[in-house]
$ cat target30.cif   # mmCIF, C-alpha atoms and all ligand atoms
data_coords
loop_
_atom_site.label_atom_id
_atom_site.label_comp_id
_atom_site.auth_asym_id
_atom_site.auth_seq_id
_atom_site.Cartn_x
_atom_site.Cartn_y
_atom_site.Cartn_z
CA MET A 171 24.97 36.26 -41.17
CA LYS A 172 21.83 34.28 -40.36
CA ILE A 173 20.52 35.04 -36.89
CA GLY A 174 17.96 32.97 -34.99
CA ILE A 175 16.23 34.13 -31.83
CA CYS A 176 15.25 31.70 -29.06
CA PRO A 177 12.87 33.64 -26.80
CA GLY A 178 11.55 32.50 -23.45
CA SER A 179 11.18 33.15 -19.75
CA PHE A 180 13.78 30.50 -18.80
CA ASP A 181 12.69 30.49 -15.14
CA PRO A 182 14.91 28.48 -14.89
CA VAL A 183 16.57 27.20 -18.08
CA THR A 184 16.02 23.44 -18.53
CA LEU A 185 17.67 20.76 -20.64
CA GLY A 186 14.63 21.06 -22.92
CA HIS A 187 15.56 24.69 -23.61
CA MET A 188 19.21 23.72 -24.04
CA ASP A 189 18.25 21.09 -26.60
CA ILE A 190 16.39 23.67 -28.71
CA ILE A 191 19.18 26.27 -28.37
CA THR A 192 21.84 23.70 -29.33
CA ARG A 193 19.88 22.58 -32.38
CA ALA A 194 19.21 26.20 -33.40
CA CYS A 195 22.99 26.80 -33.27
CA LYS A 196 23.40 24.18 -36.01
CA ILE A 197 20.98 26.04 -38.27
CA PHE A 198 21.99 29.66 -37.66
CA ASP A 199 25.35 31.45 -37.62
CA LYS A 200 24.39 33.07 -34.35
CA VAL A 201 21.59 32.44 -31.85
CA ILE A 202 20.27 35.16 -29.58
CA VAL A 203 18.59 33.83 -26.45
CA ALA A 204 16.09 36.58 -25.63
CA VAL A 205 14.55 37.03 -22.19
CA PRO A 206 11.70 39.54 -21.63
CA VAL A 207 12.89 42.06 -19.05
CA ASN A 208 9.46 43.09 -17.78
CA PRO A 209 9.41 42.35 -14.04
CA ASP A 210 7.34 39.25 -13.35
CA LYS A 211 6.38 38.86 -9.70
CA ARG A 212 5.69 35.16 -10.16
CA ALA A 213 9.21 34.43 -11.41
CA SER A 214 11.52 32.48 -9.07
CA PHE A 215 14.66 34.06 -10.53
CA THR A 216 15.23 37.71 -11.48
CA VAL A 217 15.84 38.54 -15.13
CA GLU A 218 19.52 39.16 -14.32
CA GLU A 219 19.83 35.77 -12.62
CA ARG A 220 18.13 34.00 -15.52
CA MET A 221 20.40 35.72 -18.04
CA GLU A 222 23.49 34.92 -15.99
CA MET A 223 22.48 31.25 -15.77
CA LEU A 224 21.82 31.16 -19.53
CA ARG A 225 25.29 32.62 -20.16
CA MET A 226 26.86 29.93 -18.00
CA ALA A 227 24.86 27.16 -19.67
CA THR A 228 25.68 28.37 -23.20
CA ALA A 229 29.35 29.21 -22.61
CA GLY A 230 31.44 28.27 -25.65
CA MET A 231 28.40 28.19 -27.94
CA ASN A 232 27.64 30.70 -30.65
CA VAL A 233 25.03 32.29 -28.42
CA GLU A 234 24.34 35.79 -27.18
CA VAL A 235 22.01 36.24 -24.21
CA ASP A 236 20.02 39.46 -24.23
CA GLY A 237 17.02 41.11 -22.57
CA VAL A 238 13.99 42.27 -24.57
CA SER A 239 12.05 45.22 -23.22
CA GLY A 240 9.44 45.58 -25.96
CA LEU A 241 7.80 43.41 -28.56
CA LEU A 242 9.73 40.41 -29.82
CA ALA A 243 8.72 41.28 -33.39
CA ASP A 244 10.41 44.72 -33.05
CA TYR A 245 13.44 43.15 -31.41
CA ALA A 246 13.77 40.68 -34.29
CA ARG A 247 13.67 43.57 -36.77
CA GLU A 248 16.28 45.52 -34.81
CA LYS A 249 18.60 42.48 -34.78
CA ASN A 250 17.91 41.65 -38.43
CA ALA A 251 16.98 38.12 -37.38
CA THR A 252 15.85 35.52 -39.90
CA ALA A 253 13.68 33.50 -37.55
CA ILE A 254 12.25 33.10 -34.08
CA VAL A 255 12.89 29.52 -32.99
CA LYS A 256 10.52 27.78 -30.58
CA GLY A 257 10.40 24.24 -29.26
CA LEU A 258 7.11 22.38 -29.49
CA ARG A 259 6.37 19.72 -26.90
CA ALA A 260 2.98 18.04 -26.76
CA MET A 261 0.14 19.28 -28.95
CA THR A 262 -1.01 21.40 -25.99
CA ASP A 263 1.76 23.91 -26.85
CA PHE A 264 0.54 24.25 -30.39
CA GLU A 265 -2.44 26.62 -30.09
CA TYR A 266 -0.61 29.20 -27.98
CA GLU A 267 2.56 29.00 -30.07
CA PHE A 268 0.61 29.20 -33.33
CA GLN A 269 -1.20 32.31 -32.07
CA MET A 270 2.12 33.94 -31.13
CA ALA A 271 3.69 32.98 -34.47
CA LEU A 272 0.82 34.52 -36.45
CA THR A 273 0.85 37.66 -34.30
CA ASN A 274 4.59 38.09 -34.71
CA LYS A 275 4.25 37.57 -38.47
CA LYS A 276 1.62 40.30 -38.61
CA LEU A 277 3.78 42.67 -36.57
CA ASN A 278 6.93 41.85 -38.54
CA PRO A 279 6.34 40.05 -41.88
CA GLU A 280 10.12 39.78 -42.36
CA VAL A 281 10.63 37.30 -39.56
CA GLU A 282 9.61 33.65 -39.69
CA THR A 283 8.75 31.48 -36.71
CA MET A 284 10.37 28.06 -36.82
CA PHE A 285 9.14 25.22 -34.62
CA LEU A 286 11.51 22.45 -33.61
CA PRO A 287 9.85 19.34 -32.23
CA THR A 288 11.17 18.67 -28.77
CA SER A 289 13.32 15.58 -28.22
CA MET A 290 11.44 12.61 -26.78
CA GLU A 291 13.15 12.79 -23.39
CA ASN A 292 12.07 16.42 -22.96
CA MET A 293 8.49 15.92 -24.11
CA PHE A 294 6.98 16.67 -20.70
CA LEU A 295 9.74 18.83 -19.27
CA SER A 296 8.98 22.42 -18.28
CA SER A 297 10.38 25.06 -15.93
CA SER A 298 7.27 24.80 -13.75
CA MET A 299 7.75 21.03 -13.44
CA VAL A 300 11.38 21.62 -12.38
CA LYS A 301 10.20 24.14 -9.77
CA GLN A 302 7.69 21.71 -8.31
CA ILE A 303 10.13 18.80 -8.13
CA ALA A 304 12.96 20.86 -6.61
CA GLY A 305 10.54 22.52 -4.20
CA PHE A 306 9.66 19.13 -2.75
CA GLY A 307 13.30 18.07 -2.56
CA GLY A 308 13.16 15.85 -5.66
CA ASP A 309 16.06 15.17 -7.99
CA ILE A 310 16.22 17.63 -10.89
CA SER A 311 19.66 16.58 -12.14
CA HIS A 312 18.16 15.04 -15.29
CA PHE A 313 16.27 18.24 -16.11
CA VAL A 314 18.67 21.19 -15.75
CA PRO A 315 22.25 21.93 -16.89
CA GLU A 316 24.73 20.37 -14.47
CA CYS A 317 26.62 23.62 -13.92
CA LEU A 318 23.42 25.22 -12.57
CA LEU A 319 22.12 22.34 -10.46
CA ASP A 320 23.24 23.60 -7.04
CA ARG A 321 22.20 27.14 -7.72
CA ILE A 322 18.73 26.17 -8.92
CA ASN A 323 18.22 23.70 -6.07
CA GLU A 324 19.27 26.22 -3.47
CA ARG A 325 16.76 28.82 -4.66
CA LEU A 326 13.85 26.52 -5.37
CA CYS A 327 14.07 24.48 -2.17
CA ARG A 328 14.23 27.72 -0.21
CA THR A 329 11.30 29.30 -2.07
CA VAL A 330 8.92 26.44 -1.28
CA ASN A 331 10.12 25.95 2.31
CA GLU A 332 9.83 29.65 3.22
O1 LIG A 401 8.84 30.81 -22.08
P1 LIG A 401 7.58 31.56 -22.39
O2 LIG A 401 7.05 32.21 -21.14
O3 LIG A 401 6.54 30.72 -23.08
O4 LIG A 401 8.01 32.72 -23.41
C1 LIG A 401 7.06 33.64 -23.89
C2 LIG A 401 7.72 34.71 -24.76
C3 LIG A 401 8.90 35.34 -24.05
C4 LIG A 401 8.19 34.07 -26.04
C5 LIG A 401 6.64 35.76 -25.06
O5 LIG A 401 6.07 36.17 -23.86
C6 LIG A 401 7.19 36.99 -25.79
O6 LIG A 401 7.49 36.91 -26.95
N1 LIG A 401 7.29 38.14 -25.05
C7 LIG A 401 7.80 39.38 -25.60
C8 LIG A 401 6.65 40.41 -25.75
C9 LIG A 401 5.88 40.15 -27.02
O7 LIG A 401 6.39 40.29 -28.12
N2 LIG A 401 4.61 39.73 -26.86
C10 LIG A 401 3.74 39.41 -27.99
C11 LIG A 401 4.01 37.98 -28.48
S1 LIG A 401 2.85 37.52 -29.70
#

$ encode --input "target30.cif" --output "structure tokens"
Amino acid sequence: MKIGICPGSFDPVTLGHMDIITRACKIFDKVIVAVPVNPDKRASFTVEERMEMLRMATAGMNVEVDGVSGLLADYAREKNATAIVKGLRAMTDFEYEFQMALTNKKLNPEVETMFLPTSMENMFLSSSMVKQIAGFGGDISHFVPECLLDRINERLCRTVNE
């Protein structure tokens, strides 16, 4: 069974992430969406909340949502994954992603990193953009999964207005 890993902070998951996860599902038998579990004080949602939202957004897909407590390269080995799948937006993503891909290859030569070019409509979409827009009361319905819209709005409006 070919396993692909889609890693990320997903704070919160966006339609850009969903696009990459959905396309990865067409390539692999199973996709593991992996969220680092290290506490991040800057995150708007806890790891548990992010994982729960990912499970809701990927319901019915061939996806498993899991937390990663160590290095992604070790996790990929443990899961016998074929590839780490990342979305690439503008060229600005490239340097950082390339550095991570080479590092992961060094740490685990068995796992490939695969870049999927983001879809045009998600070219400039990011979790931080969603946070800013929602924080100022803007409409994020075109940027996040519909089933999570109220939940994300409720948290992000509150966070900025506190
Ligand atoms: O959505 P993000 O914040 O760009 O995702 C970054 C992520 C989760 C892919 C990266 O931080 C990661 O792989 N963390 C796990 C720890 C690790 O392996 N670090 C070394 C990567 S070269």

$ residues_near_ligand --input "target30.cif" --ligand "ligand LIG 401 (chain A)" --cutoff "6 Å" --atoms "all atoms listed in the file" --output "list in words"
Pro177, Gly178, Ser179, Phe180, Pro206, Gly240, Leu241, Leu242, Ala243, Met270, Thr273 and Asn274 of chain A

$ closest_atom_pairs --input "target30.cif" --of "segment 205-280 of chain A" --to "segment 183-192 of chain A" --cutoff "10 Å" --atoms "only C-alpha atoms" --output "JSON lines"
{"residue": "A:Arg220", "atom": "CA", "partner": "A:Val183", "partner_atom": "CA", "distance": 7.4}
{"residue": "A:Met221", "atom": "CA", "partner": "A:Val183", "partner_atom": "CA", "distance": 9.3}
{"residue": "A:Met223", "atom": "CA", "partner": "A:Val183", "partner_atom": "CA", "distance": 7.5}
{"residue": "A:Leu224", "atom": "CA", "partner": "A:Val183", "partner_atom": "CA", "distance": 6.7}
{"residue": "A:Ala227", "atom": "CA", "partner": "A:Met188", "partner_atom": "CA", "distance": 7.9}
{"residue": "A:Thr228", "atom": "CA", "partner": "A:Met188", "partner_atom": "CA", "distance": 8.0}
{"residue": "A:Met231", "atom": "CA", "partner": "A:Thr192", "partner_atom": "CA", "distance": 8.1}
{"residue": "A:Asn232", "atom": "CA", "partner": "A:Thr192", "partner_atom": "CA", "distance": 9.2}
{"residue": "A:Val233", "atom": "CA", "partner": "A:Ile191", "partner_atom": "CA", "distance": 8.4}
{"residue": "A:Val255", "atom": "CA", "partner": "A:Ile190", "partner_atom": "CA", "distance": 8.0}
{"residue": "A:Lys256", "atom": "CA", "partner": "A:Ile190", "partner_atom": "CA", "distance": 7.4}
{"residue": "A:Gly257", "atom": "CA", "partner": "A:Ile190", "partner_atom": "CA", "distance": 6.0}
{"residue": "A:Leu258", "atom": "CA", "partner": "A:Ile190", "partner_atom": "CA", "distance": 9.4}
{"residue": "A:Arg259", "atom": "CA", "partner": "A:Gly186", "partner_atom": "CA", "distance": 9.3}

$ closest_residue --input "target30.cif" --among "A:Glu282, A:Glu234, A:Glu218, A:Asp199" --to "Arg247 of chain A" --atoms "only C-alpha atoms"
A:Glu282

$ closest_residue --input "target30.cif" --among "A:Thr252, A:Gln302, A:Asp309, A:Glu222" --to "Phe198 of chain A" --atoms "only C-alpha atoms"
A:Thr252

$ atom_distance --input "target30.cif" --atom1 "atom CA of Thr283 of chain A" --atom2 "atom CA of Phe268 of chain A"
9.1 Å

$ atom_distance --input "target30.cif" --atom1 "atom CA of Asp236 of chain A" --atom2 "atom CA of Leu272 of chain A"
23.3 Å

$ atom_distance --input "target30.cif" --atom1 "atom CA of Ile310 of chain A" --atom2 "atom CA of Ala260 of chain A"
20.7 Å

$ closest_residue --input "target30.cif" --among "A:Ser289, A:Gly308, A:Arg325, A:Ala194" --to "Cys176 of chain A" --atoms "all atoms listed in the file"
A:Ala194

$ closest_residue --input "target30.cif" --among "A:Val205, A:Glu248, A:Asp263, A:Leu277" --to "Ser296 of chain A" --atoms "all atoms listed in the file"
A:Asp263

$ closest_residue --input "target30.cif" --among "A:Met299, A:Ile175, A:Cys327, A:Ala246" --to "Lys200 of chain A" --atoms "only C-alpha atoms"
A:Ile175

$ axis_aligned_box --input "target30.cif" --around "segment 318-327 of chain A" --padding-each-side "5 Å" --output "lines of an AutoDock Vina configuration file"
center_x = 18.6
center_y = 25.6
center_z = -7.4
size_x = 19.6
size_y = 16.5
size_z = 20.4

$ closest_residue --input "target30.cif" --among "A:Val217, A:Met290, A:Ile254, A:Leu295" --to "Lys275 of chain A" --atoms "all atoms listed in the file"
A:Ile254

$ decode --input "target30.cif" --residues "segment 179-322 of chain A" --atoms "C-alpha atoms" --output "PDB file, in the first residue's frame"
ATOM      1  CA  SER A 179       0.359  23.159  11.069  1.00  0.00           C
ATOM      2  CA  PHE A 180      -3.182  23.563   9.667  1.00  0.00           C
ATOM      3  CA  ASP A 181      -3.945  26.506  11.977  1.00  0.00           C
ATOM      4  CA  PRO A 182      -6.628  26.378  10.618  1.00  0.00           C
ATOM      5  CA  VAL A 183      -7.036  24.050   7.628  1.00  0.00           C
ATOM      6  CA  THR A 184      -7.841  25.994   4.436  1.00  0.00           C
ATOM      7  CA  LEU A 185      -9.259  25.064   1.047  1.00  0.00           C
ATOM      8  CA  GLY A 186      -5.677  25.275  -0.214  1.00  0.00           C
ATOM      9  CA  HIS A 187      -4.713  22.448   2.153  1.00  0.00           C
ATOM     10  CA  MET A 188      -7.847  20.517   1.191  1.00  0.00           C
ATOM     11  CA  ASP A 189      -6.946  20.816  -2.486  1.00  0.00           C
ATOM     12  CA  ILE A 190      -3.500  19.278  -1.874  1.00  0.00           C
ATOM     13  CA  ILE A 191      -4.898  16.526   0.390  1.00  0.00           C
ATOM     14  CA  THR A 192      -7.613  15.656  -2.160  1.00  0.00           C
ATOM     15  CA  ARG A 193      -5.102  15.467  -5.008  1.00  0.00           C
ATOM     16  CA  ALA A 194      -2.708  13.389  -2.874  1.00  0.00           C
ATOM     17  CA  CYS A 195      -5.583  10.935  -2.271  1.00  0.00           C
ATOM     18  CA  LYS A 196      -5.702  10.306  -6.031  1.00  0.00           C
ATOM     19  CA  ILE A 197      -2.023   9.371  -6.075  1.00  0.00           C
ATOM     20  CA  PHE A 198      -1.717   7.315  -2.884  1.00  0.00           C
ATOM     21  CA  ASP A 199      -3.750   4.442  -1.429  1.00  0.00           C
ATOM     22  CA  LYS A 200      -3.808   6.242   1.886  1.00  0.00           C
ATOM     23  CA  VAL A 201      -2.907   9.783   2.952  1.00  0.00           C
ATOM     24  CA  ILE A 202      -1.813  10.606   6.475  1.00  0.00           C
ATOM     25  CA  VAL A 203      -2.362  14.234   7.424  1.00  0.00           C
ATOM     26  CA  ALA A 204       0.345  14.831  10.026  1.00  0.00           C
ATOM     27  CA  VAL A 205       0.226  17.667  12.550  1.00  0.00           C
ATOM     28  CA  PRO A 206       3.244  18.420  14.793  1.00  0.00           C
ATOM     29  CA  VAL A 207       2.105  18.058  18.397  1.00  0.00           C
ATOM     30  CA  ASN A 208       4.700  20.356  19.952  1.00  0.00           C
ATOM     31  CA  PRO A 209       2.783  23.104  21.764  1.00  0.00           C
ATOM     32  CA  ASP A 210       2.945  26.338  19.782  1.00  0.00           C
ATOM     33  CA  LYS A 211       1.941  29.389  21.798  1.00  0.00           C
ATOM     34  CA  ARG A 212       1.280  31.395  18.642  1.00  0.00           C
ATOM     35  CA  ALA A 213      -1.289  28.900  17.346  1.00  0.00           C
ATOM     36  CA  SER A 214      -4.948  29.993  17.366  1.00  0.00           C
ATOM     37  CA  PHE A 215      -6.222  26.431  17.695  1.00  0.00           C
ATOM     38  CA  THR A 216      -4.849  23.644  19.908  1.00  0.00           C
ATOM     39  CA  VAL A 217      -3.396  20.568  18.229  1.00  0.00           C
ATOM     40  CA  GLU A 218      -6.485  18.581  19.278  1.00  0.00           C
ATOM     41  CA  GLU A 219      -8.800  21.191  17.761  1.00  0.00           C
ATOM     42  CA  ARG A 220      -6.820  21.281  14.519  1.00  0.00           C
ATOM     43  CA  MET A 221      -6.858  17.484  14.277  1.00  0.00           C
ATOM     44  CA  GLU A 222     -10.580  17.348  15.005  1.00  0.00           C
ATOM     45  CA  MET A 223     -11.274  19.951  12.302  1.00  0.00           C
ATOM     46  CA  LEU A 224      -9.102  18.028   9.830  1.00  0.00           C
ATOM     47  CA  ARG A 225     -11.052  14.841  10.608  1.00  0.00           C
ATOM     48  CA  MET A 226     -14.319  16.639   9.935  1.00  0.00           C
ATOM     49  CA  ALA A 227     -13.033  18.174   6.701  1.00  0.00           C
ATOM     50  CA  THR A 228     -11.647  14.867   5.394  1.00  0.00           C
ATOM     51  CA  ALA A 229     -14.556  12.641   6.480  1.00  0.00           C
ATOM     52  CA  GLY A 230     -15.238   9.980   3.849  1.00  0.00           C
ATOM     53  CA  MET A 231     -11.798  10.380   2.280  1.00  0.00           C
ATOM     54  CA  ASN A 232      -9.003   7.853   2.469  1.00  0.00           C
ATOM     55  CA  VAL A 233      -7.281   9.984   5.075  1.00  0.00           C
ATOM     56  CA  GLU A 234      -5.931   9.392   8.552  1.00  0.00           C
ATOM     57  CA  VAL A 235      -5.198  12.398  10.756  1.00  0.00           C
ATOM     58  CA  ASP A 236      -2.338  11.922  13.198  1.00  0.00           C
ATOM     59  CA  GLY A 237      -0.031  13.898  15.479  1.00  0.00           C
ATOM     60  CA  VAL A 238       3.755  13.840  15.052  1.00  0.00           C
ATOM     61  CA  SER A 239       5.859  14.334  18.161  1.00  0.00           C
ATOM     62  CA  GLY A 240       9.332  13.972  16.651  1.00  0.00           C
ATOM     63  CA  LEU A 241      10.979  14.418  13.296  1.00  0.00           C
ATOM     64  CA  LEU A 242       8.829  14.010  10.216  1.00  0.00           C
ATOM     65  CA  ALA A 243      11.578  11.918   8.591  1.00  0.00           C
ATOM     66  CA  ASP A 244      11.383   9.393  11.478  1.00  0.00           C
ATOM     67  CA  TYR A 245       7.598   9.421  11.362  1.00  0.00           C
ATOM     68  CA  ALA A 246       7.668   8.682   7.624  1.00  0.00           C
ATOM     69  CA  ARG A 247       9.973   5.715   8.271  1.00  0.00           C
ATOM     70  CA  GLU A 248       7.743   4.414  11.059  1.00  0.00           C
ATOM     71  CA  LYS A 249       4.686   4.612   8.770  1.00  0.00           C
ATOM     72  CA  ASN A 250       6.552   3.147   5.794  1.00  0.00           C
ATOM     73  CA  ALA A 251       5.471   6.149   3.729  1.00  0.00           C
ATOM     74  CA  THR A 252       6.506   6.553   0.106  1.00  0.00           C
ATOM     75  CA  ALA A 253       6.434  10.334   0.019  1.00  0.00           C
ATOM     76  CA  ILE A 254       5.876  13.561   1.901  1.00  0.00           C
ATOM     77  CA  VAL A 255       3.493  15.686  -0.150  1.00  0.00           C
ATOM     78  CA  LYS A 256       3.653  19.483   0.010  1.00  0.00           C
ATOM     79  CA  GLY A 257       1.795  22.179  -1.873  1.00  0.00           C
ATOM     80  CA  LEU A 258       3.841  24.924  -3.502  1.00  0.00           C
ATOM     81  CA  ARG A 259       2.255  28.337  -3.910  1.00  0.00           C
ATOM     82  CA  ALA A 260       4.275  31.278  -5.165  1.00  0.00           C
ATOM     83  CA  MET A 261       8.031  30.953  -5.646  1.00  0.00           C
ATOM     84  CA  THR A 262       8.451  32.400  -2.146  1.00  0.00           C
ATOM     85  CA  ASP A 263       7.571  28.954  -0.724  1.00  0.00           C
ATOM     86  CA  PHE A 264      10.264  27.285  -2.734  1.00  0.00           C
ATOM     87  CA  GLU A 265      13.450  28.021  -0.766  1.00  0.00           C
ATOM     88  CA  TYR A 266      12.029  26.958   2.595  1.00  0.00           C
ATOM     89  CA  GLU A 267      10.329  23.880   1.154  1.00  0.00           C
ATOM     90  CA  PHE A 268      13.437  22.876  -0.795  1.00  0.00           C
ATOM     91  CA  GLN A 269      15.527  23.159   2.378  1.00  0.00           C
ATOM     92  CA  MET A 270      13.057  20.959   4.277  1.00  0.00           C
ATOM     93  CA  ALA A 271      12.914  18.427   1.439  1.00  0.00           C
ATOM     94  CA  LEU A 272      16.713  18.099   1.320  1.00  0.00           C
ATOM     95  CA  THR A 273      16.942  17.833   5.108  1.00  0.00           C
ATOM     96  CA  ASN A 274      14.264  15.147   5.234  1.00  0.00           C
ATOM     97  CA  LYS A 275      16.018  13.254   2.431  1.00  0.00           C
ATOM     98  CA  LYS A 276      19.260  13.335   4.400  1.00  0.00           C
ATOM     99  CA  LEU A 277      17.514  12.137   7.558  1.00  0.00           C
ATOM    100  CA  ASN A 278      15.539   9.453   5.713  1.00  0.00           C
ATOM    101  CA  PRO A 279      16.812   8.625   2.191  1.00  0.00           C
ATOM    102  CA  GLU A 280      13.872   6.226   1.731  1.00  0.00           C
ATOM    103  CA  VAL A 281      11.254   8.944   1.623  1.00  0.00           C
ATOM    104  CA  GLU A 282      10.725  11.321  -1.291  1.00  0.00           C
ATOM    105  CA  THR A 283       9.250  14.798  -1.069  1.00  0.00           C
ATOM    106  CA  MET A 284       6.677  15.513  -3.751  1.00  0.00           C
ATOM    107  CA  PHE A 285       5.592  19.062  -4.562  1.00  0.00           C
ATOM    108  CA  LEU A 286       2.156  19.703  -6.013  1.00  0.00           C
ATOM    109  CA  PRO A 287       1.682  23.135  -7.550  1.00  0.00           C
ATOM    110  CA  THR A 288      -1.191  24.856  -5.843  1.00  0.00           C
ATOM    111  CA  SER A 289      -4.358  25.509  -7.833  1.00  0.00           C
ATOM    112  CA  MET A 290      -4.632  29.029  -9.237  1.00  0.00           C
ATOM    113  CA  GLU A 291      -7.462  30.052  -6.909  1.00  0.00           C
ATOM    114  CA  ASN A 292      -5.379  29.120  -3.851  1.00  0.00           C
ATOM    115  CA  MET A 293      -2.172  30.763  -5.022  1.00  0.00           C
ATOM    116  CA  PHE A 294      -2.184  33.410  -2.292  1.00  0.00           C
ATOM    117  CA  LEU A 295      -4.213  31.582   0.322  1.00  0.00           C
ATOM    118  CA  SER A 296      -2.665  30.831   3.704  1.00  0.00           C
ATOM    119  CA  SER A 297      -3.824  30.130   7.260  1.00  0.00           C
ATOM    120  CA  SER A 298      -2.393  33.469   8.407  1.00  0.00           C
ATOM    121  CA  MET A 299      -4.374  35.297   5.707  1.00  0.00           C
ATOM    122  CA  VAL A 300      -7.543  33.525   6.889  1.00  0.00           C
ATOM    123  CA  LYS A 301      -6.789  34.570  10.477  1.00  0.00           C
ATOM    124  CA  GLN A 302      -6.353  38.203   9.496  1.00  0.00           C
ATOM    125  CA  ILE A 303      -9.516  38.355   7.408  1.00  0.00           C
ATOM    126  CA  ALA A 304     -11.694  36.591  10.001  1.00  0.00           C
ATOM    127  CA  GLY A 305     -10.177  38.689  12.783  1.00  0.00           C
ATOM    128  CA  PHE A 306     -11.420  41.844  11.088  1.00  0.00           C
ATOM    129  CA  GLY A 307     -14.854  40.355  10.446  1.00  0.00           C
ATOM    130  CA  GLY A 308     -14.211  39.620   6.757  1.00  0.00           C
ATOM    131  CA  ASP A 309     -15.772  36.790   4.792  1.00  0.00           C
ATOM    132  CA  ILE A 310     -13.654  33.628   4.831  1.00  0.00           C
ATOM    133  CA  SER A 311     -16.283  31.348   3.283  1.00  0.00           C
ATOM    134  CA  HIS A 312     -14.256  31.034   0.068  1.00  0.00           C
ATOM    135  CA  PHE A 313     -11.133  30.013   1.979  1.00  0.00           C
ATOM    136  CA  VAL A 314     -12.084  27.322   4.518  1.00  0.00           C
ATOM    137  CA  PRO A 315     -14.185  24.123   4.411  1.00  0.00           C
ATOM    138  CA  GLU A 316     -17.875  24.967   4.787  1.00  0.00           C
ATOM    139  CA  CYS A 317     -18.386  22.543   7.671  1.00  0.00           C
ATOM    140  CA  LEU A 318     -15.792  24.472   9.719  1.00  0.00           C
ATOM    141  CA  LEU A 319     -16.796  28.017   8.822  1.00  0.00           C
ATOM    142  CA  ASP A 320     -18.745  28.870  11.996  1.00  0.00           C
ATOM    143  CA  ARG A 321     -16.235  27.253  14.273  1.00  0.00           C
ATOM    144  CA  ILE A 322     -13.270  29.040  12.708  1.00  0.00           C
TER     145      ILE A 322
END
